[in-house]
Amino acid sequence: MEIKKGQIPFFRLALPFICGIALALNFANRKEFIYATFGLFAILFIYKWIENKRSLGYKYRWVFGVLLSLFLFCAGYSFTFLNTPSEKVTDISHFNFEGARNYYLVSIISSPKEKDKSLKAVGEVKGIIDKGTLQKTSGKVMFSFQKDSVGDTIHYGDLVEVHTVLTGVKPPMNPDEFDYKNYLEMNGIYYEAFVPKHSFHLTGRSDAPWMLRFTDKCRHKLIDLLNRNIKGNEAAVASAILLGYRNDLSPSVVEEFVDSGTVHVICVAGLHVGIIIWLLNFLLLFVDNYKHGKLIRTVLLLALVWLYALFTGMATPVIRASTMFSFLLIGRHFSRYTNSVNTLAASAFLILLFNPFQLVDTGFQLSYLSVLGILTIYPLLNNIFEPNNFIIKKIWELTCLSASAQLSIAPLSFLYFHQFPNYFLITNLLVVPLLSVVIYLGVLFFITSYIPYISITTTWLFQKSLLLMNTLVGQSNHLPFYVTRGISISYWETALLFISIICLFIFFSYKTYRPLVISLLSLLFFIGINIYKSILHSKQQLFVVYHVYKQTAAAFIAGRESVMPFNNLSPSDFSYHMQYHFWEKGVKDTLTLHNDTSAVMLSGHIVVQHNFIQFNGKRYVFLRSNDDLPDSLSKFPVHCVIVSADYKEGMEALQNAFTFDTLIFDSSIAPMRLKKWKEQCAELHISYYDVSKQGAYIENS
């Protein structure tokens, strides 16, 4: 597919704007860019005035292009800087409240997500209540409301008075762990708070716009309708596909869709919006028979598309798709040619103009890259083979569609999800056509849900189609080598992969060999980096005590093998807190030791005897109970002592039993006992490392 510069003006405008946003996200607080933005705007105005007066001619046109790019670059930085919550005078970060319990007036701005013992929701802090006076503030906080009869009634848009303590979001405590703090900050959330029972009450007012309240209420009524008639995983999948509501999806179901390469099916985005528009356009064809019918149909389509976006919670992929289809619908009505890449860039530009922090949102990146891949790579793949048979042609087109989308997001999939679905072509061939059936039956289900007899038939068909989809996705995960896990690459490696893919696309599009050379060189650098990392991994010797709340978690890593002593972690805890670090270090084999293990060898580096471990000539002792103290009257020399929650003796007994270099308190110890032991350490002049406060302890042996 050959793309001409004149056809993609918005793409060329969006690039410097995005670069400015990226710089601001990594190097903030440079107010000089705001002055530069105004200065460049004035220079642009003066230049255009001179150009019109003196007719500078064609050879100076590059000057305007350079000035415009610099202006957009500075504007991107300035927009990001000015939209940073902490830059607002009323932001809660400017009030000295952290650690103090205060009364806050909070507007709930997200649909509450139900947890086992709480409801999590994002709230906008409207003000601090002090002696009956409201001091106006702004800023978003992640609230966890403890469940009770009042808490269950909290909805989107409610105004709630809470009595709680706001605390800063903690950074990741383990190496390569998901950075929840950064994730919230990119969404403008810098604080979190737990609100106990009886510490909050509804004011009886609502702060959300009436349209958003109405669509949110309708959305939950439709979700209740699905739960009553469909039930189980099928109802949760239906809510995700039709309404963009994913709170009811179990982690196992989400994992199945991710592993099969069809997670886009349960994330409402361009595919879903496109199917909905096709259906609406078909149903509204009769309007063309009336006067100004085409205009009326276009307006109705635009209104219905954005109404659907409201019903799905205005998720970023839906906004992106709705914006793009809106441009296409308007262009089609006026019979104007619209380049799809340019339309995509225009929608991105508008979204980032309103919220520049969307640039670092994973969903935003994946959705735009996948559509860009479809628009650019798909035509190249589709032209490779032109079958005459209609069925084979459709299968080939769908295969090319899936391949182009997956290829365009593969580097980000490696970076963020550390895996690759090996059967994505097969699963998409089966699931994507079924998605259209599910959506059409879902719409029919909602329309006929209160019509006797007919509703029984539509409900049965809808449920069976959902069951078939879940079965196809679930069974694909039982195939051999269905997914490649443990892929760990850096940002630089991700950039090299993207350079290689882009240059390869340019080579096939324009038939010039320089991009091919750059593509191969980028791939060669990528392979070289991975060979170097593999050599480092084969020689590594690490001892790590991880931070896992109320748990003991440690690992000895030698080469590509690891031993986890006395581990009782759940699979979810291990996956969240430790798995990514293991993948980053190239660990392939992990052995878990339990209390009854007496001895084990790890590549000749480790020996275990009861609670004593010798690793690379250093002795480590784990104090899990008072019985772990040696009976010997003389002190036992060890390199490191790791203390856990079930050890009850004081620090003096520990000091009398061992001579040691390092004392580590793991994250299983209760705060009160830890405080007492720290006081004893201060009296006995014992230095220590507190995993619960300082994060994971890492030692290179």
# chains A, B, ... in the order shown; residues from 1 in each chain; ligands from 1
call {"tool": "closest_atom_pairs", "arguments": {"of": "stretch 314-340 of chain A", "to": "stretch 231-249 of chain A", "cutoff": "10 Å", "atoms": "only C-alpha atoms", "output": "Markdown table"}}
result
| residue | atom | partner | partner_atom | distance |
| --- | --- | --- | --- | --- |
| A:Met314 | CA | A:Gly244 | CA | 8.9 |
| A:Ala315 | CA | A:Gly244 | CA | 7.7 |
| A:Val318 | CA | A:Gly244 | CA | 9.0 |
call {"tool": "residues_around", "arguments": {"residues": "A:Leu375", "least_positions_apart": "2", "cutoff": "10 Å", "atoms": "only C-alpha atoms", "output": "ChimeraX atom specification"}}
result
/A:1,339-341,344,369-373,377-380,401,404-405
call {"tool": "select_by_dssp", "arguments": {"residues": "stretch 140-312 of chain A", "states": "alpha helix (DSSP H)", "output": "MDAnalysis selection string"}}
result
chainID A and resid 180:185 210:229 232:243 251:260 270:283 293:311
call {"tool": "residues_around", "arguments": {"residues": "A:Leu15", "least_positions_apart": "2", "cutoff": "9 Å", "atoms": "only C-alpha atoms", "output": "PDB file with all heavy atoms, in the first residue's frame"}}
result
ATOM      1  N   PHE A  10      -2.916  14.929   8.727  1.00  0.00           N
ATOM      2  CA  PHE A  10      -3.086  14.804  10.179  1.00  0.00           C
ATOM      3  C   PHE A  10      -2.039  13.878  10.789  1.00  0.00           C
ATOM      4  O   PHE A  10      -1.622  14.070  11.930  1.00  0.00           O
ATOM      5  CB  PHE A  10      -4.492  14.295  10.511  1.00  0.00           C
ATOM      6  CG  PHE A  10      -5.421  15.386  10.950  1.00  0.00           C
ATOM      7  CD1 PHE A  10      -6.473  15.784  10.148  1.00  0.00           C
ATOM      8  CD2 PHE A  10      -5.241  16.026  12.162  1.00  0.00           C
ATOM      9  CE1 PHE A  10      -7.336  16.797  10.546  1.00  0.00           C
ATOM     10  CE2 PHE A  10      -6.088  17.035  12.574  1.00  0.00           C
ATOM     11  CZ  PHE A  10      -7.132  17.427  11.763  1.00  0.00           C
ATOM     12  N   PHE A  11      -1.628  12.867  10.030  1.00  0.00           N
ATOM     13  CA  PHE A  11      -0.583  11.970  10.517  1.00  0.00           C
ATOM     14  C   PHE A  11       0.715  12.742  10.722  1.00  0.00           C
ATOM     15  O   PHE A  11       1.422  12.557  11.712  1.00  0.00           O
ATOM     16  CB  PHE A  11      -0.382  10.829   9.520  1.00  0.00           C
ATOM     17  CG  PHE A  11       0.552   9.751  10.002  1.00  0.00           C
ATOM     18  CD1 PHE A  11       0.102   8.752  10.844  1.00  0.00           C
ATOM     19  CD2 PHE A  11       1.890   9.751   9.620  1.00  0.00           C
ATOM     20  CE1 PHE A  11       0.963   7.768  11.300  1.00  0.00           C
ATOM     21  CE2 PHE A  11       2.756   8.771  10.064  1.00  0.00           C
ATOM     22  CZ  PHE A  11       2.292   7.767  10.912  1.00  0.00           C
ATOM     23  N   ARG A  12       1.025  13.635   9.781  1.00  0.00           N
ATOM     24  CA  ARG A  12       2.242  14.446   9.872  1.00  0.00           C
ATOM     25  C   ARG A  12       2.139  15.486  10.978  1.00  0.00           C
ATOM     26  O   ARG A  12       3.154  15.877  11.572  1.00  0.00           O
ATOM     27  CB  ARG A  12       2.501  15.113   8.529  1.00  0.00           C
ATOM     28  CG  ARG A  12       2.794  14.112   7.406  1.00  0.00           C
ATOM     29  CD  ARG A  12       2.619  14.727   6.045  1.00  0.00           C
ATOM     30  NE  ARG A  12       3.591  15.784   5.797  1.00  0.00           N
ATOM     31  CZ  ARG A  12       3.525  16.623   4.766  1.00  0.00           C
ATOM     32  NH1 ARG A  12       2.521  16.537   3.912  1.00  0.00           N
ATOM     33  NH2 ARG A  12       4.452  17.542   4.609  1.00  0.00           N
ATOM     34  N   LEU A  13       0.932  15.940  11.275  1.00  0.00           N
ATOM     35  CA  LEU A  13       0.743  16.895  12.372  1.00  0.00           C
ATOM     36  C   LEU A  13       0.782  16.199  13.730  1.00  0.00           C
ATOM     37  O   LEU A  13       1.276  16.753  14.719  1.00  0.00           O
ATOM     38  CB  LEU A  13      -0.602  17.611  12.211  1.00  0.00           C
ATOM     39  CG  LEU A  13      -0.754  18.556  11.015  1.00  0.00           C
ATOM     40  CD1 LEU A  13      -2.176  19.072  10.936  1.00  0.00           C
ATOM     41  CD2 LEU A  13       0.229  19.717  11.117  1.00  0.00           C
ATOM     42  N   PHE A  17       3.371  16.417  17.705  1.00  0.00           N
ATOM     43  CA  PHE A  17       2.542  16.623  18.894  1.00  0.00           C
ATOM     44  C   PHE A  17       2.725  15.472  19.881  1.00  0.00           C
ATOM     45  O   PHE A  17       2.885  15.690  21.090  1.00  0.00           O
ATOM     46  CB  PHE A  17       1.072  16.731  18.464  1.00  0.00           C
ATOM     47  CG  PHE A  17       0.144  17.157  19.569  1.00  0.00           C
ATOM     48  CD1 PHE A  17       0.148  18.456  20.041  1.00  0.00           C
ATOM     49  CD2 PHE A  17      -0.740  16.244  20.138  1.00  0.00           C
ATOM     50  CE1 PHE A  17      -0.715  18.849  21.066  1.00  0.00           C
ATOM     51  CE2 PHE A  17      -1.602  16.624  21.151  1.00  0.00           C
ATOM     52  CZ  PHE A  17      -1.585  17.932  21.612  1.00  0.00           C
ATOM     53  N   ILE A  18       2.743  14.238  19.370  1.00  0.00           N
ATOM     54  CA  ILE A  18       2.946  13.052  20.212  1.00  0.00           C
ATOM     55  C   ILE A  18       4.346  13.053  20.807  1.00  0.00           C
ATOM     56  O   ILE A  18       4.535  12.706  21.980  1.00  0.00           O
ATOM     57  CB  ILE A  18       2.698  11.776  19.382  1.00  0.00           C
ATOM     58  CG1 ILE A  18       1.199  11.623  19.087  1.00  0.00           C
ATOM     59  CG2 ILE A  18       3.220  10.535  20.106  1.00  0.00           C
ATOM     60  CD1 ILE A  18       0.869  10.516  18.112  1.00  0.00           C
ATOM     61  N   CYS A  19       5.346  13.459  20.024  1.00  0.00           N
ATOM     62  CA  CYS A  19       6.726  13.521  20.539  1.00  0.00           C
ATOM     63  C   CYS A  19       6.829  14.517  21.702  1.00  0.00           C
ATOM     64  O   CYS A  19       7.537  14.267  22.691  1.00  0.00           O
ATOM     65  CB  CYS A  19       7.687  13.915  19.423  1.00  0.00           C
ATOM     66  SG  CYS A  19       7.911  12.631  18.173  1.00  0.00           S
ATOM     67  N   GLY A  20       6.116  15.642  21.596  1.00  0.00           N
ATOM     68  CA  GLY A  20       6.103  16.620  22.687  1.00  0.00           C
ATOM     69  C   GLY A  20       5.469  16.052  23.943  1.00  0.00           C
ATOM     70  O   GLY A  20       5.974  16.266  25.058  1.00  0.00           O
ATOM     71  N   SER A  69       6.030  22.184  12.852  1.00  0.00           N
ATOM     72  CA  SER A  69       6.398  20.982  13.622  1.00  0.00           C
ATOM     73  C   SER A  69       6.933  21.357  15.000  1.00  0.00           C
ATOM     74  O   SER A  69       6.591  20.717  16.009  1.00  0.00           O
ATOM     75  CB  SER A  69       7.435  20.164  12.846  1.00  0.00           C
ATOM     76  OG  SER A  69       6.894  19.669  11.645  1.00  0.00           O
ATOM     77  N   LEU A  72       3.979  22.442  17.167  1.00  0.00           N
ATOM     78  CA  LEU A  72       3.176  21.305  17.639  1.00  0.00           C
ATOM     79  C   LEU A  72       3.921  20.499  18.693  1.00  0.00           C
ATOM     80  O   LEU A  72       3.319  19.993  19.644  1.00  0.00           O
ATOM     81  CB  LEU A  72       2.806  20.401  16.456  1.00  0.00           C
ATOM     82  CG  LEU A  72       1.773  20.989  15.486  1.00  0.00           C
ATOM     83  CD1 LEU A  72       1.688  20.155  14.217  1.00  0.00           C
ATOM     84  CD2 LEU A  72       0.405  21.063  16.165  1.00  0.00           C
ATOM     85  N   PHE A  73       5.249  20.389  18.534  1.00  0.00           N
ATOM     86  CA  PHE A  73       6.059  19.691  19.538  1.00  0.00           C
ATOM     87  C   PHE A  73       5.957  20.401  20.896  1.00  0.00           C
ATOM     88  O   PHE A  73       5.695  19.777  21.922  1.00  0.00           O
ATOM     89  CB  PHE A  73       7.511  19.629  19.074  1.00  0.00           C
ATOM     90  CG  PHE A  73       8.449  18.998  20.061  1.00  0.00           C
ATOM     91  CD1 PHE A  73       8.558  17.625  20.156  1.00  0.00           C
ATOM     92  CD2 PHE A  73       9.221  19.791  20.907  1.00  0.00           C
ATOM     93  CE1 PHE A  73       9.427  17.039  21.072  1.00  0.00           C
ATOM     94  CE2 PHE A  73      10.086  19.226  21.820  1.00  0.00           C
ATOM     95  CZ  PHE A  73      10.188  17.834  21.908  1.00  0.00           C
ATOM     96  N   ALA A 345      -5.229   9.108  12.411  1.00  0.00           N
ATOM     97  CA  ALA A 345      -4.355  10.107  13.042  1.00  0.00           C
ATOM     98  C   ALA A 345      -5.167  11.272  13.585  1.00  0.00           C
ATOM     99  O   ALA A 345      -4.858  11.817  14.658  1.00  0.00           O
ATOM    100  CB  ALA A 345      -3.321  10.597  12.041  1.00  0.00           C
TER     101      ALA A 345
END
call {"tool": "residues_around", "arguments": {"residues": "A:Thr659", "least_positions_apart": "3", "cutoff": "7 Å", "atoms": "only C-alpha atoms", "output": "number ranges by chain"}}
result
A: 635-638, 655
call {"tool": "write_last_selection", "arguments": {"atoms": "C-alpha atoms", "output": "short mmCIF file (atom, residue, chain, number, x, y, z; two decimals), in the first residue's frame"}}
result
data_model
loop_
_atom_site.label_atom_id
_atom_site.label_comp_id
_atom_site.auth_asym_id
_atom_site.auth_seq_id
_atom_site.Cartn_x
_atom_site.Cartn_y
_atom_site.Cartn_z
CA LYS A 635 27.31 -18.75 68.32
CA PHE A 636 26.71 -20.21 64.88
CA PRO A 637 28.35 -18.17 62.08
CA VAL A 638 26.06 -17.36 59.12
CA GLN A 655 22.14 -12.31 68.63
#
call {"tool": "closest_residue", "arguments": {"among": "A:Leu159, A:Val299, A:Leu521, A:Val268", "to": "A:Ala208", "atoms": "only C-alpha atoms"}}
result
A:Leu159
call {"tool": "select_by_dssp", "arguments": {"residues": "stretch 539-599 of chain A", "states": "strand (DSSP E)", "output": "ChimeraX atom specification"}}
result
/A:541-545,554-558,561-565,589-593
call {"tool": "write_last_selection", "arguments": {"atoms": "N, CA, C and O atoms", "output": "short mmCIF file (atom, residue, chain, number, x, y, z; two decimals), in the first residue's frame"}}
result
data_model
loop_
_atom_site.label_atom_id
_atom_site.label_comp_id
_atom_site.auth_asym_id
_atom_site.auth_seq_id
_atom_site.Cartn_x
_atom_site.Cartn_y
_atom_site.Cartn_z
N GLN A 541 24.14 -15.25 39.82
CA GLN A 541 23.96 -15.90 41.13
C GLN A 541 23.28 -14.87 42.04
O GLN A 541 23.90 -13.90 42.45
N LEU A 542 22.00 -15.09 42.35
CA LEU A 542 21.23 -14.10 43.10
C LEU A 542 20.53 -14.74 44.29
O LEU A 542 20.09 -15.89 44.23
N PHE A 543 20.43 -13.93 45.36
CA PHE A 543 19.56 -14.27 46.48
C PHE A 543 18.59 -13.11 46.65
O PHE A 543 19.00 -11.95 46.76
N VAL A 544 17.28 -13.41 46.64
CA VAL A 544 16.26 -12.36 46.70
C VAL A 544 15.21 -12.72 47.74
O VAL A 544 14.73 -13.85 47.78
N VAL A 545 14.89 -11.74 48.62
CA VAL A 545 13.74 -11.86 49.52
C VAL A 545 12.69 -10.88 48.99
O VAL A 545 12.91 -9.67 49.01
N ALA A 554 11.18 -16.06 49.21
CA ALA A 554 12.60 -15.88 48.89
C ALA A 554 12.98 -16.83 47.76
O ALA A 554 12.29 -17.82 47.50
N ALA A 555 14.07 -16.51 47.09
CA ALA A 555 14.53 -17.35 45.98
C ALA A 555 16.04 -17.26 45.85
O ALA A 555 16.64 -16.20 46.03
N PHE A 556 16.64 -18.42 45.56
CA PHE A 556 18.05 -18.51 45.21
C PHE A 556 18.11 -18.81 43.71
O PHE A 556 17.56 -19.82 43.26
N ILE A 557 18.75 -17.93 42.95
CA ILE A 557 18.80 -18.05 41.49
C ILE A 557 20.24 -18.31 41.06
O ILE A 557 21.14 -17.53 41.37
N ALA A 558 20.43 -19.44 40.36
CA ALA A 558 21.74 -19.79 39.81
C ALA A 558 21.57 -20.10 38.33
O ALA A 558 20.91 -21.09 37.98
N GLU A 561 18.20 -21.50 36.73
CA GLU A 561 17.45 -22.30 37.69
C GLU A 561 17.23 -21.50 38.97
O GLU A 561 17.99 -20.59 39.29
N SER A 562 16.19 -21.87 39.71
CA SER A 562 15.93 -21.20 40.99
C SER A 562 15.35 -22.18 41.98
O SER A 562 14.71 -23.18 41.61
N VAL A 563 15.60 -21.89 43.25
CA VAL A 563 15.02 -22.65 44.36
C VAL A 563 14.30 -21.66 45.26
O VAL A 563 14.86 -20.62 45.63
N MET A 564 13.04 -21.97 45.59
CA MET A 564 12.25 -21.14 46.49
C MET A 564 12.03 -21.91 47.78
O MET A 564 11.23 -22.85 47.82
N PRO A 565 12.75 -21.56 48.85
CA PRO A 565 12.64 -22.32 50.10
C PRO A 565 11.41 -21.93 50.92
O PRO A 565 11.04 -20.75 51.00
N ASP A 589 13.61 -23.01 35.16
CA ASP A 589 13.22 -24.09 36.07
C ASP A 589 13.19 -23.57 37.50
O ASP A 589 14.15 -22.95 37.97
N THR A 590 12.07 -23.84 38.19
CA THR A 590 11.91 -23.40 39.58
C THR A 590 11.53 -24.59 40.45
O THR A 590 10.60 -25.35 40.12
N LEU A 591 12.26 -24.76 41.54
CA LEU A 591 11.98 -25.84 42.50
C LEU A 591 11.53 -25.22 43.81
O LEU A 591 12.19 -24.33 44.35
N THR A 592 10.40 -25.67 44.32
CA THR A 592 9.86 -25.18 45.59
C THR A 592 10.18 -26.17 46.69
O THR A 592 9.88 -27.36 46.58
N LEU A 593 10.78 -25.68 47.78
CA LEU A 593 11.10 -26.52 48.93
C LEU A 593 10.08 -26.32 50.03
O LEU A 593 9.68 -25.20 50.32
#
call {"tool": "residues_around", "arguments": {"residues": "A:Val517", "least_positions_apart": "3", "cutoff": "12 Å", "atoms": "only C-alpha atoms", "output": "list in words"}}
result
Ile499, Ser500, Ile501, Cys503, Leu504, Ile506, Phe507, Thr512, Tyr513, Arg514, Leu520, Leu521, Ser522, Leu523 and Leu524 of chain A
call {"tool": "residues_around", "arguments": {"residues": "stretch 178-189 of chain A", "least_positions_apart": "4", "cutoff": "10 Å", "atoms": "only C-alpha atoms", "output": "ChimeraX atom specification"}}
result
/A:25,83-86,122-124,139-142,168-174,355-362,416,576-577,580
call {"tool": "write_last_selection", "arguments": {"atoms": "N, CA and C atoms", "output": "tab-separated table (two decimals), in the first residue's frame"}}
result
chain	number	residue	atom	x	y	z
A	25	LEU	N	6.06	13.62	29.48
A	25	LEU	CA	5.79	12.51	30.40
A	25	LEU	C	7.06	12.00	31.07
A	83	ASN	N	-2.08	19.97	31.87
A	83	ASN	CA	-3.09	19.00	32.28
A	83	ASN	C	-2.65	18.13	33.45
A	84	THR	N	-1.42	18.31	33.90
A	84	THR	CA	-0.95	17.57	35.07
A	84	THR	C	-1.71	18.06	36.31
A	85	PRO	N	-2.40	17.16	37.02
A	85	PRO	CA	-3.23	17.58	38.16
A	85	PRO	C	-2.48	18.41	39.20
A	86	SER	N	-1.24	18.05	39.48
A	86	SER	CA	-0.50	18.75	40.53
A	86	SER	C	-0.20	20.20	40.18
A	122	VAL	N	-13.08	5.25	41.65
A	122	VAL	CA	-12.32	6.51	41.57
A	122	VAL	C	-13.26	7.65	41.94
A	123	GLY	N	-12.78	8.51	42.83
A	123	GLY	CA	-13.57	9.65	43.27
A	123	GLY	C	-12.85	10.96	43.06
A	124	GLU	N	-13.58	11.97	42.65
A	124	GLU	CA	-13.04	13.33	42.54
A	124	GLU	C	-13.30	14.05	43.85
A	139	GLY	N	-8.88	16.88	42.26
A	139	GLY	CA	-7.95	15.75	42.28
A	139	GLY	C	-8.66	14.43	42.48
A	140	LYS	N	-8.16	13.39	41.79
A	140	LYS	CA	-8.78	12.07	41.85
A	140	LYS	C	-8.07	11.18	42.86
A	141	VAL	N	-8.86	10.33	43.52
A	141	VAL	CA	-8.35	9.38	44.53
A	141	VAL	C	-8.98	8.02	44.27
A	142	MET	N	-8.19	6.95	44.44
A	142	MET	CA	-8.73	5.60	44.36
A	142	MET	C	-9.23	5.20	45.74
A	168	GLY	N	-0.30	8.35	49.83
A	168	GLY	CA	0.29	8.24	48.50
A	168	GLY	C	0.35	6.80	48.05
A	169	VAL	N	0.15	6.57	46.77
A	169	VAL	CA	0.20	5.21	46.22
A	169	VAL	C	1.63	4.71	46.28
A	170	LYS	N	1.81	3.49	46.79
A	170	LYS	CA	3.15	2.94	46.95
A	170	LYS	C	3.73	2.49	45.61
A	171	PRO	N	5.03	2.70	45.42
A	171	PRO	CA	5.67	2.19	44.20
A	171	PRO	C	5.82	0.68	44.30
A	172	PRO	N	6.17	0.00	43.19
A	172	PRO	CA	6.37	-1.46	43.25
A	172	PRO	C	7.48	-1.81	44.22
A	173	MET	N	7.24	-2.84	45.02
A	173	MET	CA	8.20	-3.24	46.05
A	173	MET	C	9.11	-4.38	45.60
A	174	ASN	N	8.87	-4.91	44.40
A	174	ASN	CA	9.68	-6.00	43.88
A	174	ASN	C	10.22	-5.64	42.51
A	355	ASN	N	-6.86	14.74	26.38
A	355	ASN	CA	-6.20	14.03	27.48
A	355	ASN	C	-4.87	13.46	26.99
A	356	PRO	N	-3.78	14.23	27.07
A	356	PRO	CA	-2.49	13.76	26.56
A	356	PRO	C	-1.95	12.53	27.27
A	357	PHE	N	-2.44	12.26	28.51
A	357	PHE	CA	-1.95	11.11	29.26
A	357	PHE	C	-2.44	9.79	28.67
A	358	GLN	N	-3.38	9.86	27.73
A	358	GLN	CA	-3.83	8.64	27.07
A	358	GLN	C	-2.70	7.99	26.27
A	359	LEU	N	-1.67	8.76	25.96
A	359	LEU	CA	-0.58	8.23	25.15
A	359	LEU	C	0.10	7.03	25.81
A	360	VAL	N	0.17	7.00	27.14
A	360	VAL	CA	0.83	5.90	27.83
A	360	VAL	C	-0.15	4.82	28.26
A	361	ASP	N	-1.42	4.97	27.89
A	361	ASP	CA	-2.40	3.94	28.21
A	361	ASP	C	-2.18	2.75	27.28
A	362	THR	N	-2.05	1.55	27.86
A	362	THR	CA	-1.78	0.35	27.06
A	362	THR	C	-2.87	0.10	26.04
A	416	TYR	N	4.68	-5.77	27.33
A	416	TYR	CA	3.70	-5.64	28.42
A	416	TYR	C	3.21	-6.98	28.97
A	576	TYR	N	1.91	-12.30	40.33
A	576	TYR	CA	1.90	-10.84	40.41
A	576	TYR	C	3.23	-10.29	40.92
A	577	HIS	N	3.81	-10.92	41.95
A	577	HIS	CA	4.96	-10.33	42.64
A	577	HIS	C	6.32	-10.84	42.15
A	580	TYR	N	7.40	-11.95	36.89
A	580	TYR	CA	8.04	-11.07	35.91
A	580	TYR	C	9.55	-10.93	36.15
call {"tool": "atom_distance", "arguments": {"atom1": "atom CA of A:Gly617", "atom2": "atom CA of A:Phe660"}}
result
14.2 Å
call {"tool": "residues_around", "arguments": {"residues": "A:Ala645", "least_positions_apart": "2", "cutoff": "7 Å", "atoms": "only C-alpha atoms", "output": "ChimeraX atom specification"}}
result
/A:624,647,668-670
call {"tool": "closest_residue", "arguments": {"among": "A:Phe574, A:Phe325, A:Phe420, A:Trp49", "to": "A:Gln551", "atoms": "only C-alpha atoms"}}
result
A:Phe574
call {"tool": "closest_residue", "arguments": {"among": "A:Thr312, A:Phe665, A:Leu67, A:Val258", "to": "A:Ala42", "atoms": "only C-alpha atoms"}}
result
A:Leu67
